[in-house]
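Engineer: The following file, entry-v3.txt, comprises compact mmCIF, C-alpha atoms and all ligand atoms:
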```txt
# COMPACT_ATOMS: atom_id res chain seq x y z
CA MET K 21 100.95 129.95 68.16
CA ARG K 22 103.07 132.49 66.36
CA PHE K 23 99.98 134.56 65.71
CA LEU K 24 98.96 134.38 69.37
CA ILE K 25 102.37 135.58 70.52
CA LEU K 26 102.47 138.38 68.00
CA SER K 27 98.95 139.49 68.83
CA CYS K 28 99.84 139.44 72.52
CA LEU K 29 102.91 141.53 71.84
CA PHE K 30 100.60 143.97 70.15
CA VAL K 31 98.17 143.83 73.07
CA VAL K 32 100.97 144.63 75.51
CA ALA K 33 101.95 147.64 73.47
CA THR K 34 98.42 149.05 73.70
CA ALA K 35 96.44 147.51 76.54
CA ARG K 36 96.80 144.37 78.57
CA CYS K 37 93.27 143.08 78.08
CA PRO K 38 91.53 140.92 75.47
CA ALA K 39 89.66 142.89 72.81
CA LEU K 40 86.80 145.02 74.15
CA PHE K 41 87.72 144.27 77.77
CA THR K 42 88.32 147.23 80.09
CA GLN K 43 91.17 147.20 82.57
CA TYR K 44 90.46 147.98 86.20
CA ASP K 45 93.02 147.32 88.90
CA SER K 46 94.77 144.06 87.92
CA ASN K 47 91.83 142.61 85.98
CA CYS K 48 90.11 143.06 82.63
CA TYR K 49 86.30 143.18 82.41
CA ARG K 50 83.68 143.00 79.72
CA ILE K 51 79.90 143.19 79.96
CA PHE K 52 77.78 141.06 77.62
CA VAL K 53 74.20 142.14 77.07
CA GLU K 54 73.14 138.83 75.54
CA ALA K 55 71.09 137.11 78.23
CA LEU K 56 72.15 133.55 79.06
CA PRO K 57 71.51 131.02 81.85
CA TRP K 58 74.27 131.17 84.47
CA ILE K 59 76.10 128.01 83.36
CA GLU K 60 76.14 129.14 79.72
CA ALA K 61 77.36 132.60 80.74
CA LYS K 62 80.16 130.92 82.68
CA MET K 63 81.13 128.89 79.58
CA ALA K 64 80.93 131.98 77.37
CA CYS K 65 83.46 133.76 79.61
CA SER K 66 85.87 130.83 79.49
CA ARG K 67 86.27 131.31 75.73
CA PHE K 68 88.21 134.53 76.33
CA MET K 69 91.82 134.32 77.46
CA ASN K 70 94.54 136.70 78.49
CA CYS K 71 98.00 136.50 76.97
CA GLN K 72 99.06 133.95 79.57
CA GLY K 73 96.32 131.64 78.34
CA GLU K 74 94.25 132.05 81.50
CA PRO K 75 90.55 131.80 80.69
CA ALA K 76 88.13 134.50 81.78
CA SER K 77 85.45 133.74 84.34
CA LEU K 78 82.27 135.42 85.54
CA ILE K 79 82.94 138.49 87.65
CA SER K 80 83.70 138.31 91.37
CA LEU K 81 82.86 141.23 93.66
CA LYS K 82 85.23 141.04 96.57
CA THR K 83 85.22 144.67 97.61
CA ARG K 84 83.01 147.72 97.55
CA LEU K 85 85.38 149.19 94.95
CA ASP K 86 84.72 146.21 92.66
CA GLU K 87 81.02 147.03 92.87
CA ILE K 88 81.55 150.69 92.13
CA PHE K 89 83.53 149.70 89.05
CA LEU K 90 80.76 147.31 87.92
CA LYS K 91 78.15 150.00 88.41
CA LYS K 92 80.19 152.26 86.14
CA LEU K 93 80.53 149.46 83.58
CA MET K 94 76.75 148.99 83.58
CA GLY K 95 76.43 152.68 82.85
CA THR K 96 77.96 151.96 79.45
CA ILE K 97 75.00 149.80 78.35
CA SER K 98 71.36 150.56 77.85
CA PRO K 99 69.00 150.02 79.54
CA GLN K 100 70.92 150.08 82.80
CA ASN K 101 68.37 148.25 84.91
CA TYR K 102 69.67 144.79 84.03
CA ALA K 103 70.52 142.24 86.65
CA VAL K 104 73.79 140.63 85.57
CA TRP K 105 75.29 137.29 86.53
CA THR K 106 78.32 137.20 88.77
CA SER K 107 80.39 134.10 89.53
CA GLY K 108 78.86 133.92 93.03
CA ASN K 109 76.88 130.79 93.81
CA ASP K 110 75.89 128.28 96.49
CA ILE K 111 75.48 125.39 94.07
CA HIS K 112 77.66 122.97 96.01
CA THR K 113 76.46 123.68 99.54
CA GLU K 114 73.25 125.55 100.24
CA GLU K 115 73.85 128.92 101.95
CA VAL K 116 77.63 128.63 101.53
CA PHE K 117 78.32 131.22 98.83
CA ARG K 118 81.59 131.18 96.93
CA TRP K 119 83.10 133.18 94.08
CA GLY K 120 84.30 131.52 90.90
CA ASP K 121 87.80 131.01 92.31
CA GLY K 122 86.35 129.06 95.23
CA THR K 123 86.80 131.80 97.85
CA LEU K 124 84.02 132.28 100.36
CA PHE K 125 82.05 135.54 100.37
CA GLN K 126 83.48 138.04 102.83
CA TYR K 127 82.26 141.43 101.64
CA VAL K 128 78.52 141.09 100.89
CA ASN K 129 75.83 143.48 99.72
CA TRP K 130 72.61 141.48 99.65
CA ALA K 131 69.31 143.20 98.93
CA GLN K 132 66.83 143.15 101.79
CA GLU K 133 65.69 139.62 102.69
CA GLN K 134 68.27 138.08 100.35
CA PRO K 135 69.62 135.52 99.89
CA ASP K 136 66.32 133.68 100.26
CA ASN K 137 66.92 130.63 98.04
CA GLY K 138 63.68 131.51 96.27
CA GLN K 139 61.39 131.40 99.26
CA GLN K 140 60.08 134.91 98.68
CA SER K 141 59.26 134.48 95.02
CA SER K 142 58.84 131.50 92.76
CA GLY K 143 59.54 128.76 95.26
CA GLU K 144 62.27 127.54 92.91
CA ILE K 145 65.77 126.94 94.23
CA GLU K 146 68.04 129.97 93.79
CA ASN K 147 71.77 129.28 93.72
CA CYS K 148 73.32 131.91 91.45
CA VAL K 149 74.10 135.48 92.44
CA ALA K 150 72.93 138.38 90.28
CA PHE K 151 74.05 141.99 90.70
CA PHE K 152 71.57 144.75 89.99
CA LEU K 153 71.00 148.44 90.55
CA ARG K 154 67.96 149.66 92.46
CA ARG K 155 67.62 153.43 92.08
CA GLY K 156 71.33 153.50 91.33
CA ARG K 157 72.25 151.47 94.39
CA PRO K 158 74.19 148.22 93.81
CA LEU K 159 72.58 145.14 95.38
CA TRP K 160 72.81 141.36 95.17
CA ASN K 161 70.17 138.67 94.88
CA ASP K 162 70.37 134.90 94.68
CA ALA K 163 68.37 133.91 91.61
CA MET K 164 67.45 130.77 89.68
CA CYS K 165 70.52 129.74 87.70
CA GLU K 166 68.29 128.85 84.73
CA LEU K 167 67.18 132.47 84.29
CA GLU K 168 68.70 134.24 81.32
CA ARG K 169 70.71 137.29 82.32
CA PRO K 170 73.37 139.52 80.79
CA PHE K 171 76.73 138.79 82.41
CA VAL K 172 80.18 140.19 83.07
CA CYS K 173 83.44 138.35 82.43
CA MET K 174 86.78 139.06 84.07
CA VAL K 175 90.33 137.84 83.55
CA PRO K 176 93.57 138.88 85.24
CA SER K 177 95.51 141.33 83.08
CA GLY K 178 98.63 139.33 83.92
CA GLU K 179 100.58 142.54 84.24
CA GLN K 180 103.09 141.16 86.72
CA GLN K 181 104.16 138.22 84.56
CA ASP K 182 104.16 139.84 81.16
CA PHE K 183 107.87 140.23 80.71
CA GLY K 184 108.80 136.64 81.51
CA TYR K 185 106.15 135.36 79.18
CA TYR K 186 106.91 137.69 76.33
CA ASP K 187 110.65 137.19 76.56
CA GLN K 188 110.02 133.50 76.26
CA GLY K 189 107.64 134.07 73.35
CA ALA K 190 110.07 136.37 71.59
CA ASN K 191 112.80 133.74 71.88
CA THR K 192 110.52 131.18 70.31
CA VAL K 193 109.48 133.37 67.43
CA TYR K 194 112.69 135.14 66.56
CA CA P 1 70.69 128.58 97.31
CA CA P 2 66.54 135.49 95.94
```
Reformat the file's structure so that it appears as structure tokens.
Ligand SMILES: [Ca+2]
Ligand SMILES: [Ca+2]
Structural biologist:
Amino acid sequence: MRFLILSCLFVVATARCPALFTQYDSNCYRIFVEALPWIEAKMACSRFMNCQGEPASLISLKTRLDEIFLKKLMGTISPQNYAVWTSGNDIHTEEVFRWGDGTLFQYVNWAQEQPDNGQQSSGEIENCVAFFLRRGRPLWNDAMCELERPFVCMVPSGEQQDFGYYDQGANTVY
């Protein structure tokens, strides 16, 4: 615990994100090029936490600006034509897509004829939302959750609550 607090104090002094995460707006993001099925990618994200102990989750794309940021993040890896997993899915109710925090999709950017629940391709059920670039243009597709894809994790930077938390931590330690 002491180590966690001290390392978080250090993190605050430099950046507010877990190691190798990039801050954008009030969140921290990291792209993982290891391809995993959606559920395993989701679990992999949850192993990273911010200094408040909140676990990371797969990325949500609630605005056009979120997408532009993700496109930039994908520009840091090679090759850049990956499709990456987002937290978006319609696992619980077909055609009702939600982000990882349970919110319904409002802004959407589906590729043409998507989401199709697999009817245009394999005939398999498609419940997990992948983000990809087609000629540099961001687009979404519902894909089979079992497919292995690189993925992007996000966690709130916790900027607003830092002082309360760290004051408390400092009292405990010192
Ligand atoms: Ca579906
Ligand atoms: Ca599809």
Engineer: In Å, rounded to a single decimal, give me how far atom CA of Phe151 of chain K is from atom CA of Pro135 of chain K.
Structural biologist: 12.1 Å
Engineer: Listing only residues of chain K within 8 Å of ligand CA 1 (chain P), what is the closest atom pair and its distance in Å (to one decimal) for each, using only C-alpha atoms and all ligand atoms, sorted by chain and residue number ascending, as JSON lines?
Structural biologist:
```
{"residue": "K:Asn109", "atom": "CA", "partner": "P:CA1", "partner_atom": "CA", "distance": 7.4}
{"residue": "K:Asp110", "atom": "CA", "partner": "P:CA1", "partner_atom": "CA", "distance": 5.3}
{"residue": "K:Ile111", "atom": "CA", "partner": "P:CA1", "partner_atom": "CA", "distance": 6.6}
{"residue": "K:Thr113", "atom": "CA", "partner": "P:CA1", "partner_atom": "CA", "distance": 7.9}
{"residue": "K:Glu114", "atom": "CA", "partner": "P:CA1", "partner_atom": "CA", "distance": 4.9}
{"residue": "K:Glu115", "atom": "CA", "partner": "P:CA1", "partner_atom": "CA", "distance": 5.6}
{"residue": "K:Pro135", "atom": "CA", "partner": "P:CA1", "partner_atom": "CA", "distance": 7.5}
{"residue": "K:Asp136", "atom": "CA", "partner": "P:CA1", "partner_atom": "CA", "distance": 7.3}
{"residue": "K:Asn137", "atom": "CA", "partner": "P:CA1", "partner_atom": "CA", "distance": 4.4}
{"residue": "K:Gly138", "atom": "CA", "partner": "P:CA1", "partner_atom": "CA", "distance": 7.7}
{"residue": "K:Ile145", "atom": "CA", "partner": "P:CA1", "partner_atom": "CA", "distance": 6.0}
{"residue": "K:Glu146", "atom": "CA", "partner": "P:CA1", "partner_atom": "CA", "distance": 4.6}
{"residue": "K:Asn147", "atom": "CA", "partner": "P:CA1", "partner_atom": "CA", "distance": 3.8}
{"residue": "K:Cys148", "atom": "CA", "partner": "P:CA1", "partner_atom": "CA", "distance": 7.2}
{"residue": "K:Asp162", "atom": "CA", "partner": "P:CA1", "partner_atom": "CA", "distance": 6.9}
```
Engineer: Give me the residues near Pro176 of chain K as a PDB file with C-alpha atoms, in the coordinates of the input, where near means some atom within 7 Å (using all atoms listed in the file) and where sequence neighbours in that chain fewer than 4 positions away do not count.
Structural biologist:
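For reference, part-v8.pdb as written:
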```
ATOM      1  CA  SER K  46      94.770 144.060  87.920  1.00  0.00           C
ATOM      2  CA  ASN K  47      91.830 142.610  85.980  1.00  0.00           C
ATOM      3  CA  CYS K  48      90.110 143.060  82.630  1.00  0.00           C
TER       4      CYS K  48
END
```
Engineer: By how many Å are atom CA of Leu81 of chain K and atom CA of Tyr127 of chain K apart?
Structural biologist: 8.0 Å
Engineer: Considering only C-alpha atoms and all ligand atoms, can you say which of K:Met164, K:Ile88, K:Val175, K:Leu159 comes closest to ligand CA 2 (chain P)?
Structural biologist: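 Closest candidate: K:Met164.
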Engineer: Which is closest to Ile97 of chain K among K:Ala76, K:Ile51, K:Leu56, K:Ala131, if we use all atoms listed in the file?
Structural biologist: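 Going through K:Ala76, K:Ile51, K:Leu56, K:Ala131 one by one, the smallest distance to Ile97 of chain K is for K:Ile51.
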Engineer: Using Å and a single decimal, report how far atom CA of Arg50 of chain K sits from atom CA of Val172 of chain K.
Structural biologist: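 If I compute the distance from atom CA of Val172 of chain K to atom CA of Arg50 of chain K, I get 5.6 Å.
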Engineer: Env of Ile59 of chain K: 12 Å cut, atoms = only C-alpha atoms, seq-sep filter 5 positions within chain, self excluded. Answer as a list in words.
Structural biologist: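 Once the adjacent positions are removed, what remains is Ala64, Cys65, Ser66, Ser77, Leu78, Trp105, Thr106, Ser107, Gly108, Asn109, Ile111, Gly120, Asn147, Cys148, Val149, Met164, Cys165, Glu166, Leu167, Glu168, Arg169 and Phe171 of chain K.
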Engineer: Considering only C-alpha atoms, return as a ChimeraX atom specification whatever protein or nucleic-acid residues lie within 10 Å of Thr123 of chain K, sequence-local ones (same chain, fewer than 5 positions apart) excluded.
Structural biologist: /K:80,82,108,117-118
Engineer: Which residues come within 7 Å of Pro170 of chain K, counting only C-alpha atoms, excluding same-chain residues fewer than 6 positions away, as a list in words?
Structural biologist: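 Contacts, with the query itself left out: Phe52, Val53, Glu54, Ala55, Leu56, Val104 and Trp105 of chain K.
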Engineer: Would you save the residues of that selection, restricted to C-alpha atoms, as a tab-separated table (two decimals), in the coordinates of the input?
Structural biologist:
```
chain	number	residue	atom	x	y	z
K	52	PHE	CA	77.78	141.06	77.62
K	53	VAL	CA	74.20	142.14	77.07
K	54	GLU	CA	73.14	138.83	75.54
K	55	ALA	CA	71.09	137.11	78.23
K	56	LEU	CA	72.15	133.55	79.06
K	104	VAL	CA	73.79	140.63	85.57
K	105	TRP	CA	75.29	137.29	86.53
```
Engineer: Measuring atom to atom with all atoms listed in the file, identify which of K:Gln139, K:Thr96, K:Gln126, K:Gln72 is nearest to ligand CA 2 (chain P).
Structural biologist: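 Result for the nearest residue to ligand CA 2 (chain P): K:Gln139.
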Engineer: Using all atoms listed in the file, find the one residue out of K:Asn70, K:Arg154, K:Lys91, K:Trp160 that sits nearest to Arg36 of chain K.
Structural biologist: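 Looking only at the distances to Arg36 of chain K, the closest residue turns out to be K:Asn70.
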Engineer: Looking at only C-alpha atoms and all ligand atoms, which of K:Cys173, K:Leu153, K:Trp130, K:Leu85 is the one that sits closest to ligand CA 2 (chain P)?
Structural biologist: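 For ligand CA 2 (chain P), the nearest of the given residues is K:Trp130.
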Engineer: With only C-alpha atoms and all ligand atoms as the atoms that count, which of K:Thr83, K:Asn161, K:Ser177, K:Thr42 lies nearest to ligand CA 2 (chain P)?
Structural biologist: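 Closest residue, counting only C-alpha atoms and all ligand atoms: K:Asn161.
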